[in-house]
>>> print(open('work.cif').read())   # mmCIF, C-alpha atoms
data_final
loop_
_atom_site.label_atom_id
_atom_site.label_comp_id
_atom_site.auth_asym_id
_atom_site.auth_seq_id
_atom_site.Cartn_x
_atom_site.Cartn_y
_atom_site.Cartn_z
CA MET O 1 -127.05 38.86 -73.48
CA SER O 2 -125.20 39.33 -76.70
CA CYS O 3 -125.84 37.64 -79.97
CA CYS O 4 -124.53 37.72 -83.48
CA THR O 5 -126.63 37.51 -86.61
CA THR O 6 -125.57 34.31 -88.28
CA GLN O 7 -126.62 32.79 -91.56
CA ILE O 8 -126.25 29.09 -92.22
CA VAL O 9 -126.14 28.16 -95.90
CA PHE O 10 -126.76 24.51 -96.71
CA PRO O 11 -125.25 22.90 -99.82
CA ASP O 12 -127.25 22.36 -102.99
CA GLN O 13 -126.23 18.72 -103.11
CA ILE O 14 -125.82 15.82 -100.70
CA THR O 15 -124.22 12.51 -101.64
CA PHE O 16 -125.77 9.29 -100.43
CA LEU O 17 -122.95 6.77 -100.01
CA ASN O 18 -124.31 3.26 -99.94
CA THR O 19 -121.92 0.90 -98.22
CA SER O 20 -124.56 -1.57 -97.07
CA GLY O 21 -125.16 -3.37 -100.35
CA THR O 22 -128.87 -2.99 -99.84
CA SER O 23 -131.23 -0.43 -101.21
CA LEU O 24 -130.72 2.82 -99.41
CA THR O 25 -132.50 5.41 -101.39
CA ASN O 26 -135.41 3.85 -103.21
CA GLY O 27 -138.47 5.46 -101.74
CA LEU O 28 -136.63 8.29 -100.03
CA ARG O 29 -139.05 11.15 -99.90
CA LEU O 30 -137.52 14.04 -98.05
CA LEU O 31 -134.42 14.78 -96.03
CA ARG O 32 -134.81 17.90 -93.96
CA ILE O 33 -132.15 19.85 -92.09
CA GLY O 34 -133.82 22.76 -90.39
CA SER O 35 -135.79 24.38 -93.19
CA ALA O 36 -133.48 23.02 -95.90
CA GLN O 37 -134.93 20.13 -97.89
CA TYR O 38 -133.53 17.52 -100.26
CA THR O 39 -134.91 14.88 -102.60
CA LEU O 40 -133.15 12.37 -104.79
CA VAL O 41 -132.31 13.00 -108.41
CA THR O 42 -132.36 9.28 -109.09
CA THR O 43 -133.35 6.24 -107.10
CA GLY O 44 -129.93 4.75 -106.76
CA GLY O 45 -130.82 1.40 -105.27
CA THR O 46 -127.58 -0.17 -104.11
CA THR O 47 -125.31 2.43 -105.65
CA ASN O 48 -124.40 5.92 -104.56
CA SER O 49 -127.00 8.61 -105.21
CA THR O 50 -127.34 12.32 -105.11
CA ALA O 51 -130.01 14.38 -103.40
CA LEU O 52 -130.56 17.97 -104.47
CA GLY O 53 -132.24 20.85 -102.77
CA GLY O 54 -130.78 23.28 -100.29
CA GLY O 55 -131.75 26.21 -98.15
CA CYS O 56 -130.56 28.69 -95.58
CA GLU O 57 -131.33 29.98 -92.10
CA THR O 58 -130.99 33.27 -90.27
CA ILE O 59 -130.37 32.96 -86.56
CA CYS O 60 -128.98 35.04 -83.75
CA CYS O 61 -126.50 33.41 -81.41
CA CYS O 62 -123.46 34.01 -79.25
CA PRO O 63 -120.26 32.14 -80.02
CA CYS O 64 -122.52 29.25 -79.92
CA SER O 65 -123.91 25.88 -80.71
CA VAL O 66 -126.68 26.03 -83.29
CA THR O 67 -128.98 23.06 -83.59
CA PHE O 68 -131.39 22.04 -86.31
CA THR O 69 -133.68 19.07 -86.52
CA VAL O 70 -132.67 16.66 -89.27
CA SER O 71 -135.29 14.17 -90.38
CA LEU O 72 -135.71 11.57 -93.07
CA GLU O 73 -138.90 10.35 -94.65
CA GLU O 74 -139.13 7.27 -96.83
CA MET O 75 -142.11 5.98 -98.74
CA ASP O 76 -143.19 2.54 -99.85
CA ALA O 77 -144.57 1.60 -103.27
CA ASN O 78 -148.08 2.45 -102.14
CA GLY O 79 -147.13 5.96 -101.17
CA ALA O 80 -147.21 5.39 -97.44
CA VAL O 81 -144.45 6.88 -95.33
CA THR O 82 -142.53 3.95 -93.92
CA ASP O 83 -139.74 5.60 -92.02
CA LEU O 84 -139.51 8.81 -90.11
CA SER O 85 -136.41 9.29 -88.04
CA SER O 86 -134.97 12.45 -86.60
CA ALA O 87 -132.00 13.74 -84.69
CA CYS O 88 -130.21 17.01 -83.99
CA PHE O 89 -127.78 18.52 -86.46
CA THR O 90 -125.38 20.83 -84.64
CA VAL O 91 -123.04 23.54 -85.85
CA ASN O 92 -120.58 24.70 -83.20
CA PHE O 93 -118.97 28.12 -83.56
CA MET O 94 -115.72 29.16 -81.96
CA ASP O 95 -114.69 32.58 -83.13
CA CYS O 96 -114.95 32.32 -86.88
CA CYS O 97 -114.51 28.59 -87.12
CA ALA O 98 -117.27 26.05 -87.26
CA THR O 99 -117.32 22.35 -86.54
CA ILE O 100 -120.07 19.94 -87.47
CA PRO O 101 -120.31 16.64 -85.61
CA THR O 102 -121.73 13.55 -87.32
CA VAL O 103 -125.40 12.82 -86.81
CA THR O 104 -127.03 9.41 -86.61
CA LEU O 105 -130.60 8.79 -87.67
CA THR O 106 -132.16 5.52 -86.58
CA GLY O 107 -135.39 4.38 -88.14
CA THR O 108 -137.13 1.33 -89.52
CA ALA O 109 -134.98 1.41 -92.67
CA GLY O 110 -131.75 1.16 -90.72
CA THR O 111 -129.19 3.56 -89.33
CA LEU O 112 -128.05 6.50 -91.39
CA THR O 113 -125.11 8.72 -90.55
CA LEU O 114 -124.90 12.29 -91.73
CA GLN O 115 -121.21 13.02 -91.92
CA GLY O 116 -118.30 14.61 -93.68
CA ALA O 117 -119.50 18.16 -93.42
CA THR O 118 -117.20 21.12 -93.05
CA ALA O 119 -118.01 24.79 -93.07
CA THR O 120 -116.40 27.95 -94.27
CA VAL O 121 -117.16 31.00 -92.16
CA SER O 122 -117.01 34.63 -93.20
CA CYS O 123 -117.74 37.76 -91.23
CA THR O 124 -118.92 41.11 -92.41
CA LYS O 125 -119.58 44.02 -90.09
CA ASP O 126 -123.05 42.75 -89.26
CA ILE O 127 -123.41 39.16 -90.35
CA ARG O 128 -121.55 35.93 -89.85
CA THR O 129 -122.11 33.41 -92.62
CA ALA O 130 -121.35 29.70 -92.37
CA THR O 131 -121.49 27.79 -95.63
CA ILE O 132 -121.69 24.05 -95.13
CA LEU O 133 -119.82 21.84 -97.57
CA GLY O 134 -119.34 18.17 -98.26
CA LEU O 135 -122.38 16.75 -96.54
CA SER O 136 -122.93 13.04 -97.14
CA VAL O 137 -125.20 10.30 -95.84
CA VAL O 138 -123.98 6.77 -95.20
CA LYS O 139 -126.12 3.76 -94.45
CA THR O 140 -124.27 1.67 -91.91
CA VAL O 141 -126.89 -0.88 -90.88
CA ALA O 142 -129.29 -2.64 -93.23
CA MET C 1 -132.52 44.81 -77.87
CA ALA C 2 -129.85 42.19 -78.26
CA TYR C 3 -126.32 43.07 -79.26
CA CYS C 4 -123.79 41.13 -81.19
CA GLY C 5 -120.82 39.62 -79.45
CA ASP C 6 -117.16 40.26 -80.07
CA THR C 7 -116.54 37.36 -82.41
CA CYS C 8 -113.72 38.28 -84.75
CA CYS C 9 -112.55 36.98 -88.07
CA GLY C 10 -109.10 38.18 -89.04
CA ASP C 11 -109.19 41.93 -88.67
CA THR C 12 -112.97 42.09 -89.06
CA CYS C 13 -115.24 41.76 -86.06
CA CYS C 14 -118.82 40.68 -86.15
CA GLY C 15 -120.80 42.43 -83.50
CA THR C 16 -120.68 46.15 -83.94
CA GLN C 17 -124.34 46.46 -84.82
CA PRO C 18 -127.40 45.60 -82.74
CA CYS C 19 -129.74 42.89 -83.88
CA SER C 20 -133.31 43.90 -84.60
CA VAL C 21 -136.22 41.72 -83.58
CA THR C 22 -138.04 41.15 -86.85
CA SER C 23 -141.38 39.47 -87.44
CA ILE C 24 -142.12 38.05 -90.85
CA LEU C 25 -145.80 37.68 -91.69
CA GLY C 26 -147.31 35.66 -94.51
CA LEU C 27 -149.46 36.98 -97.32
CA PRO C 28 -152.67 38.76 -96.37
CA ALA C 29 -155.69 36.56 -96.97
CA SER C 30 -156.91 38.53 -99.97
CA THR C 31 -153.76 38.14 -102.02
CA THR C 32 -152.76 35.29 -104.29
CA ILE C 33 -149.66 33.71 -105.69
CA THR C 34 -149.40 33.74 -109.45
CA GLY C 35 -147.57 31.41 -111.78
CA TRP C 36 -147.80 28.11 -109.97
CA ALA C 37 -149.50 24.80 -110.61
CA VAL C 38 -152.39 23.11 -108.87
CA ASN C 39 -151.26 21.16 -105.80
CA ASP C 40 -147.93 22.96 -105.63
CA VAL C 41 -146.70 23.61 -102.10
CA LEU C 42 -144.63 26.76 -101.63
CA THR C 43 -142.65 27.26 -98.42
CA ILE C 44 -140.81 30.44 -97.45
CA GLY C 45 -139.01 29.97 -94.16
CA SER C 46 -141.65 28.29 -92.01
CA ILE C 47 -144.55 29.84 -93.95
CA SER C 48 -146.28 27.42 -96.31
CA TYR C 49 -148.99 27.69 -98.95
CA ILE C 50 -150.75 25.08 -101.06
CA ASN C 51 -152.51 25.67 -104.36
CA ASN C 52 -155.59 23.50 -103.90
CA ALA C 53 -157.74 23.71 -107.05
CA ASN C 54 -156.41 27.21 -107.61
CA THR C 55 -157.38 28.30 -104.12
CA VAL C 56 -154.40 29.34 -102.07
CA THR C 57 -154.47 28.32 -98.45
CA GLY C 58 -151.84 28.52 -95.78
CA GLY C 59 -149.72 31.24 -94.25
CA GLY C 60 -147.82 31.72 -91.05
CA CYS C 61 -145.21 33.84 -89.39
CA GLU C 62 -141.85 33.69 -87.72
CA THR C 63 -139.61 35.90 -85.60
CA LEU C 64 -135.93 36.49 -86.19
CA CYS C 65 -133.24 38.58 -84.61
CA CYS C 66 -131.07 39.91 -87.36
CA ALA C 67 -128.80 42.68 -88.47
CA PRO C 68 -130.43 45.55 -90.33
CA CYS C 69 -129.86 43.92 -93.69
CA ASP C 70 -129.98 40.54 -95.37
CA ILE C 71 -132.38 37.99 -93.97
CA ALA C 72 -131.89 34.53 -95.45
CA LEU C 73 -134.88 32.20 -95.78
CA THR C 74 -135.20 28.79 -97.38
CA VAL C 75 -137.71 28.69 -100.24
CA THR C 76 -139.01 25.38 -101.57
CA LEU C 77 -141.58 24.47 -104.17
CA ARG C 78 -142.79 20.89 -103.97
CA ASN C 79 -144.32 19.09 -106.90
CA PRO C 80 -145.75 15.75 -105.81
CA GLU C 81 -145.28 13.18 -108.56
CA ASN C 82 -146.03 9.47 -108.40
CA GLY C 83 -146.10 9.47 -104.64
CA THR C 84 -142.70 11.11 -104.33
CA ALA C 85 -142.42 14.73 -103.38
CA ARG C 86 -139.98 16.37 -105.78
CA ILE C 87 -138.81 19.78 -104.69
CA GLN C 88 -137.15 22.84 -106.05
CA ALA C 89 -135.19 24.81 -103.50
CA GLY C 90 -133.34 28.09 -103.11
CA CYS C 91 -132.28 30.75 -100.64
CA LEU C 92 -134.13 34.06 -100.52
CA HIS C 93 -132.00 36.99 -99.35
CA LEU C 94 -134.19 39.85 -98.22
CA CYS C 95 -132.18 43.03 -97.76
CA VAL C 96 -133.94 45.45 -95.42
CA THR C 97 -132.23 48.68 -94.47
CA GLY C 98 -135.16 50.87 -93.45
CA MET C 99 -137.95 50.68 -90.95
CA PHE C 100 -140.90 51.66 -93.15
CA GLY C 101 -142.13 51.27 -96.70
CA LEU C 102 -142.09 48.66 -99.42
CA VAL C 103 -139.19 46.44 -100.38
CA LYS C 104 -138.79 44.31 -103.46
CA ILE C 105 -138.29 40.62 -102.92
CA PRO C 106 -135.30 39.92 -105.14
CA GLU C 107 -135.56 37.38 -107.89
CA THR C 108 -134.69 34.04 -106.35
CA THR C 109 -134.03 30.98 -108.48
CA LEU C 110 -135.26 27.64 -107.25
CA TYR C 111 -133.99 24.53 -108.94
CA GLY C 112 -134.54 20.82 -108.77
CA TYR C 113 -135.07 17.75 -110.92
CA ASP C 114 -138.22 15.99 -112.00
CA SER C 115 -138.73 12.23 -111.94
CA GLY C 116 -136.92 11.95 -115.29
CA ALA C 117 -133.85 13.70 -113.87
CA VAL C 118 -134.57 16.74 -116.01
CA LYS C 119 -133.52 19.99 -114.40
CA GLN C 120 -136.39 22.31 -113.53
CA THR C 121 -136.12 25.93 -112.46
CA THR C 122 -138.57 28.45 -111.10
CA THR C 123 -137.98 32.11 -110.34
CA LEU C 124 -139.65 33.71 -107.35
CA SER C 125 -140.11 37.45 -106.93
CA GLY C 126 -142.54 39.81 -105.22
CA SER C 127 -142.79 42.57 -102.68
CA ALA C 128 -143.10 43.10 -98.94
CA SER C 129 -144.01 45.97 -96.66
CA ILE C 130 -142.11 47.06 -93.58
CA THR C 131 -143.48 48.66 -90.45
CA PHE C 132 -141.85 49.31 -87.10
CA CYS C 133 -143.65 49.38 -83.78
CA ASN C 134 -142.55 49.03 -80.16
CA GLY C 135 -139.07 47.94 -81.11
CA ILE C 136 -140.24 45.18 -83.44
CA ARG C 137 -139.85 45.37 -87.18
CA LYS C 138 -142.60 43.65 -89.14
CA ILE C 139 -142.10 42.44 -92.67
CA THR C 140 -145.38 41.48 -94.34
CA LEU C 141 -145.28 39.62 -97.64
CA GLN C 142 -147.45 41.49 -100.15
CA SER C 143 -147.14 39.61 -103.41
CA ILE C 144 -145.41 36.49 -104.69
CA VAL C 145 -144.93 35.68 -108.34
CA LEU C 146 -143.52 32.42 -109.71
CA ASN C 147 -142.20 32.19 -113.26
#
>>> encode(input="work.cif", output="structure tokens")
Amino acid sequence: MSCCTTQIVFPDQITFLNTSGTSLTNGLRLLRIGSAQYTLVTTGGTTNSTALGGGCETICCCPCSVTFTVSLEEMDANGAVTDLSSACFTVNFMDCCATIPTVTLTGTAGTLTLQGATATVSCTKDIRTATILGLSVVKTVA
Amino acid sequence: MAYCGDTCCGDTCCGTQPCSVTSILGLPASTTITGWAVNDVLTIGSISYINNANTVTGGGCETLCCAPCDIALTVTLRNPENGTARIQAGCLHLCVTGMFGLVKIPETTLYGYDSGAVKQTTTLSGSASITFCNGIRKITLQSIVLN
């Protein structure tokens, strides 16, 4: 069984695109993708917002499909977690290209789609590095 | 021991070096983390610590298969404020070329924003020891300093 040391680098910033007209991000606590974590800079209400954070992973895989759990926690005014939804975030490798399908999270606050991500891939002698770019979250159902 | 595949990128191929099974162990129980605030939660990879009234609790371990050098781990420092967990985050690159001895954890900058959208930064550094036994490399965190 062969495998290749691969590093996944998540972006420092994710844009929350609010197309629903309702509050998307007030109360958002944490968005996690694997070990990467994000929180909001501002509570954007019905407008677009930005979450900052980031992270990275070291894995070993063949030309492969790498999956991470992505989860979202939201919190009400009393500090209680009101929404916890999760799904699988997948990065598919084919040679030195990577594709990232969209991911849908369904929870009590609605349906959120993680989309728009691309990745640049570089190879050194020992390590393949995929840097994910352009990740955004869209609320499609209020 | 696992070996890399023949994935190629241009004229450079990944896969000429074997991957080493590497265990990362959290801080020994007698050590502390300096430079952080009460109730801070520090996470390195899947290893977490909390500063509860200046008593550090937590720990953990994880196993990777990686090339001889450059392990990447997510580092986060959470600062709960007003019921919302604000975080600072960064990527720790640990470059390990040998099988024994001490390695310096490189300075790693974590950044985030507080509830007033003011940028906050913290620098993490420290040291780790390396041992090698029965084909498994063990990296044990020895000290962690936050500034």
>>> interface_residues(input="work.cif", of="chain O", to="chain C", cutoff="7 Å", atoms="all atoms listed in the file", output="ChimeraX atom specification")
/O:1-5,7,29,35-36,39,41-42,52-60,62-63,79,95-96,123-128
>>> atom_distance(input="work.cif", atom1="CA of Ser129 (chain C)", atom2="CA of Ser23 (chain C)")
11.6 Å
>>> resolve_selection(input="work.cif", expression="the PyMOL selection byres ((chain C and resi 28) around 10)", output="list of chain:residue names")
C:Leu25, C:Gly26, C:Leu27, C:Ala29, C:Ser30, C:Thr31, C:Thr32, C:Gly59, C:Thr140, C:Leu141, C:Gln142, C:Ser143
>>> closest_residue(input="work.cif", among="O:Thr131, O:Ala98, O:Ser49, O:Arg32", to="Ser85 (chain O)", atoms="all atoms listed in the file")
O:Arg32
>>> atom_distance(input="work.cif", atom1="CA of Gly35 (chain C)", atom2="CA of Thr55 (chain C)")
12.8 Å
>>> atom_distance(input="work.cif", atom1="CA of Asn39 (chain C)", atom2="CA of Cys61 (chain C)")
21.6 Å
>>> closest_residue(input="work.cif", among="O:Ala117, O:Leu17, O:Val138, O:Leu72", to="Val91 (chain O)", atoms="all atoms listed in the file")
O:Ala117
>>> resolve_selection(input="work.cif", expression="the PyMOL selection byres ((chain C and resi 100) around 7)", output="tab-separated table (two decimals) with C-alpha atoms, in the coordinates of the input")
chain	number	residue	atom	x	y	z
C	98	GLY	CA	-135.16	50.87	-93.45
C	99	MET	CA	-137.95	50.68	-90.95
C	101	GLY	CA	-142.13	51.27	-96.70
C	130	ILE	CA	-142.11	47.06	-93.58
C	131	THR	CA	-143.48	48.66	-90.45
C	132	PHE	CA	-141.85	49.31	-87.10
>>> resolve_selection(input="work.cif", expression="the PyMOL selection byres ((chain O and resi 66) around 10)", output="VMD selection string")
chain O and resid 6 8 59 to 65 67 to 68 88 to 93 100
>>> closest_residue(input="work.cif", among="O:Thr99, O:Gln37, O:Thr104, O:Ser86", to="Thr120 (chain O)", atoms="only C-alpha atoms")
O:Thr99
>>> residues_around(input="work.cif", residues="Leu42 (chain C)", least_positions_apart="2", cutoff="6 Å", atoms="only C-alpha atoms", output="ChimeraX atom specification")
/C:48-49,76-77
>>> residues_around(input="work.cif", residues="Leu133 (chain O)", least_positions_apart="5", cutoff="9 Å", atoms="only C-alpha atoms", output="JSON, numbers by chain")
{"O": [10, 11, 116, 117, 118, 119, 120]}
>>> residues_near_point(input="work.cif", point="(-126.0, 15.7, -93.0)", cutoff="7 Å", atoms="all atoms listed in the file", output="PDB file with C-alpha atoms, in the coordinates of the input")
ATOM      1  CA  VAL O 103    -125.400  12.820 -86.810  1.00  0.00           C
ATOM      2  CA  LEU O 114    -124.900  12.290 -91.730  1.00  0.00           C
ATOM      3  CA  GLN O 115    -121.210  13.020 -91.920  1.00  0.00           C
ATOM      4  CA  ALA O 117    -119.500  18.160 -93.420  1.00  0.00           C
ATOM      5  CA  LEU O 135    -122.380  16.750 -96.540  1.00  0.00           C
ATOM      6  CA  SER O 136    -122.930  13.040 -97.140  1.00  0.00           C
ATOM      7  CA  VAL O 137    -125.200  10.300 -95.840  1.00  0.00           C
TER       8      VAL O 137
END
>>> closest_residue(input="work.cif", among="C:Glu62, C:Thr122, C:Val96, C:Ile47", to="Leu146 (chain C)", atoms="only C-alpha atoms")
C:Thr122
>>> residues_around(input="work.cif", residues="Ile50 (chain C)", least_positions_apart="6", cutoff="8 Å", atoms="only C-alpha atoms", output="list in words")
Asn39, Asp40, Val41, Leu42, Val56, Thr57 and Gly58 of chain C
>>> closest_residue(input="work.cif", among="O:Ala87, O:Val9, O:Ile132, O:Glu73", to="Leu40 (chain O)", atoms="all atoms listed in the file")
O:Glu73
